[in-house]
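See structure below.
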Amino acid sequence: MPKYALLGATGQVGRSVLKVLLESATSTGTKKQINVLVRSRSKFEKQLQTDDFKSLDHSAIGTFEAADVSDVEILARCIRGTRAVFMCVALAKNMPGCTIAQDQAKAVIGALHKLREDDGAGKLPRLVILSSAEAEVEPHFSKGIPWPIRPILYAANSNLYNDLIAAERHLREHQDWVNFCIVKSGGLSWDIARGHEVRFDKQQTFISFADLAGGMLEIADEESDKYDGKNLSVRWAELESDQRSGKTDHTSKRSLPRGWTGR
Ligand SMILES: NC(=O)c1ccc[n+]([C@@H]2O[C@H](COP(=O)([O-])OP(=O)(O)OC[C@H]3O[C@@H](n4cnc5c(N)ncnc54)[C@H](OP(=O)(O)O)[C@@H]3O)[C@@H](O)[C@H]2O)c1
């Protein structure tokens, strides 16, 4: 049974990833073991009773409770033997001095060190890391944002972006032995899933949490190494076909994430 770890399962992105994992398990008939790391088990259990989750099979969820993501011992137990770790611990507000992304990255690297020491040279999981299209020193995903909008947007969330950039720098110091993909999402909205594609070159603002989660699962499950060490973003698949044809084609094929019913 494929096994995943999800950090930040009670957040907006984390819960969307959890939903896509559970729905894809149902639709494909392949049960997935999902280890979640949460700060409050009772908060997470309440989430599982909400409309989004109550009809889904929770029996393969393992819950690991830790006061903070920096608890390397619990983290190592949570991610041991997994195929991929979704790193969705975050702050949604621009807090001065924020280090949450760096704390998460350092703790996961610490946990991977521990697994290597304890278990030897077994295959380590791929890290699928939530970041932002604007968390860039040199504009790549954000280069379509016109001057002077980009500096204004950057300034509005500079503490978050600086933290994400520092976390990426830390991860890249371990690129020779850690397999990770950084998902630089555009602006997010609570919309239905419209079908996604994973991109190396372009972001999209706005994209739904559901489509972002579908893209993150695709990245986690990719069998080749094409996403390894890369900065990626997720867009609507249909947007590209619309742009190519120059019209809105409501019959165009959508690659809905496996099992996703939208929300
Ligand atoms: N919103 C957008 O338009 C947008 C666009 C691009 C990228 N992003 C990215 O998305 C991030 C926000 O994600 P989100 O909306 O999912 O955030 P969120 O809803 O605030 O969720 C944050 C999650 O992290 C957990 N958490 C926070 N601090 C923790 C700690 N010290 N230890 C363990 N867990 C901790 C929270 O747990 P609790 O439930 O216990 O608090 C929660 O599960 C942004 O920072 C940015 O990187 C957002």
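Residue numbering restarts at 1 in every chain; chains get A, B, ... in the order shown in the structure tokens, and ligands count up from 1 in that same order.
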Interface rows for chain A against ligand 1: nearest pair, Å to one decimal, 7 Å, only C-alpha atoms and all ligand atoms, as CSV:
```
residue,atom,partner,partner_atom_place_in_ligand_line,distance
A:Leu7,CA,ligand 1,34 (N),6.9
A:Gly8,CA,ligand 1,43 (O),3.4
A:Ala9,CA,ligand 1,43 (O),4.9
A:Thr10,CA,ligand 1,43 (O),3.7
A:Gly11,CA,ligand 1,21 (O),3.1
A:Gln12,CA,ligand 1,16 (O),3.7
A:Val13,CA,ligand 1,16 (O),3.8
A:Gly14,CA,ligand 1,16 (O),5.6
A:Val38,CA,ligand 1,34 (N),6.0
A:Arg39,CA,ligand 1,40 (O),4.6
A:Ser40,CA,ligand 1,40 (O),5.9
A:Ala67,CA,ligand 1,32 (N),6.6
A:Asp68,CA,ligand 1,32 (N),3.7
A:Val69,CA,ligand 1,32 (N),3.8
A:Ser70,CA,ligand 1,32 (N),6.9
A:Cys88,CA,ligand 1,24 (O),6.1
A:Val89,CA,ligand 1,24 (O),3.4
A:Ala90,CA,ligand 1,22 (C),4.3
A:Leu91,CA,ligand 1,45 (O),4.7
A:Ala92,CA,ligand 1,12 (C),4.3
A:Ile100,CA,ligand 1,31 (N),6.3
A:Leu130,CA,ligand 1,47 (O),5.9
A:Ser131,CA,ligand 1,47 (O),4.3
A:Ser132,CA,ligand 1,7 (C),3.9
A:Ala133,CA,ligand 1,6 (C),6.3
A:Leu160,CA,ligand 1,45 (O),6.0
A:Leu164,CA,ligand 1,47 (O),7.0
A:Lys184,CA,ligand 1,7 (C),6.6
A:Ser185,CA,ligand 1,6 (C),4.5
A:Gly186,CA,ligand 1,6 (C),4.8
A:Gly187,CA,ligand 1,3 (O),3.6
A:Leu188,CA,ligand 1,3 (O),3.7
A:Ser189,CA,ligand 1,3 (O),6.6
```
Dump C-alpha atoms for the selected residues as an mmCIF file, in the first residue's frame?
```cif
data_model
loop_
_atom_site.group_PDB
_atom_site.id
_atom_site.type_symbol
_atom_site.label_atom_id
_atom_site.label_comp_id
_atom_site.auth_asym_id
_atom_site.auth_seq_id
_atom_site.Cartn_x
_atom_site.Cartn_y
_atom_site.Cartn_z
ATOM 1 C CA LEU A 7 2.457 17.903 7.582
ATOM 2 C CA GLY A 8 -0.074 20.666 8.261
ATOM 3 C CA ALA A 9 -3.160 18.527 7.538
ATOM 4 C CA THR A 10 -5.462 21.020 9.284
ATOM 5 C CA GLY A 11 -4.488 23.953 7.050
ATOM 6 C CA GLN A 12 -6.238 25.079 3.884
ATOM 7 C CA VAL A 13 -3.691 23.456 1.573
ATOM 8 C CA GLY A 14 -3.052 20.470 3.861
ATOM 9 C CA VAL A 38 -0.862 17.725 13.617
ATOM 10 C CA ARG A 39 -0.613 19.977 16.652
ATOM 11 C CA SER A 40 -4.038 18.966 17.899
ATOM 12 C CA ALA A 67 3.437 20.439 19.842
ATOM 13 C CA ASP A 68 5.514 21.776 16.967
ATOM 14 C CA VAL A 69 6.781 20.685 13.578
ATOM 15 C CA SER A 70 10.359 20.878 14.928
ATOM 16 C CA CYS A 88 2.170 22.117 4.142
ATOM 17 C CA VAL A 89 2.990 23.602 7.533
ATOM 18 C CA ALA A 90 2.719 27.339 6.981
ATOM 19 C CA LEU A 91 1.554 30.677 8.202
ATOM 20 C CA ALA A 92 -1.200 32.378 6.268
ATOM 21 C CA ILE A 100 8.006 28.529 10.001
ATOM 22 C CA LEU A 130 4.364 24.188 -0.527
ATOM 23 C CA SER A 131 5.837 27.562 -1.451
ATOM 24 C CA SER A 132 4.699 30.614 -3.369
ATOM 25 C CA ALA A 133 5.228 31.864 -6.935
ATOM 26 C CA LEU A 160 6.544 34.928 4.455
ATOM 27 C CA LEU A 164 10.275 30.537 2.079
ATOM 28 C CA LYS A 184 5.485 27.662 -6.185
ATOM 29 C CA SER A 185 1.786 28.256 -6.254
ATOM 30 C CA GLY A 186 0.022 31.302 -7.586
ATOM 31 C CA GLY A 187 -2.847 32.862 -5.622
ATOM 32 C CA LEU A 188 -5.300 30.332 -4.228
ATOM 33 C CA SER A 189 -9.089 30.328 -4.024
#
```
Find the spatial neighbours of A:Glu138, counting only C-alpha atoms, within a cut-off of 12 Å - ignore same-chain residues fewer than 4 positions away - and output them as a ChimeraX atom specification.
-> /A:133-134,142-143,150,165
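Per DSSP on the backbone, helix (DSSP H, G or I) in stretch 80-148 of chain A comprises Ile100, Ala101, Gln102, Asp103, Gln104, Ala105, Lys106, Ala107, Val108, Ile109, Gly110, Ala111, Leu112, His113, Lys114, Leu115, Arg116, Glu117, Asp118 and Asp119 of chain A.
The shortest atom-to-atom distance to A:Met216, with only C-alpha atoms taken into account, belongs to A:Glu197 out of A:Asp191, A:Asp71, A:Glu197, A:Glu136.
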Contacts of A:Lys226 within 12 Å, only C-alpha atoms, excl. fewer than 4 positions in-chain, as a ChimeraX atom specification | /A:179-181,198-200,218-222,230-232
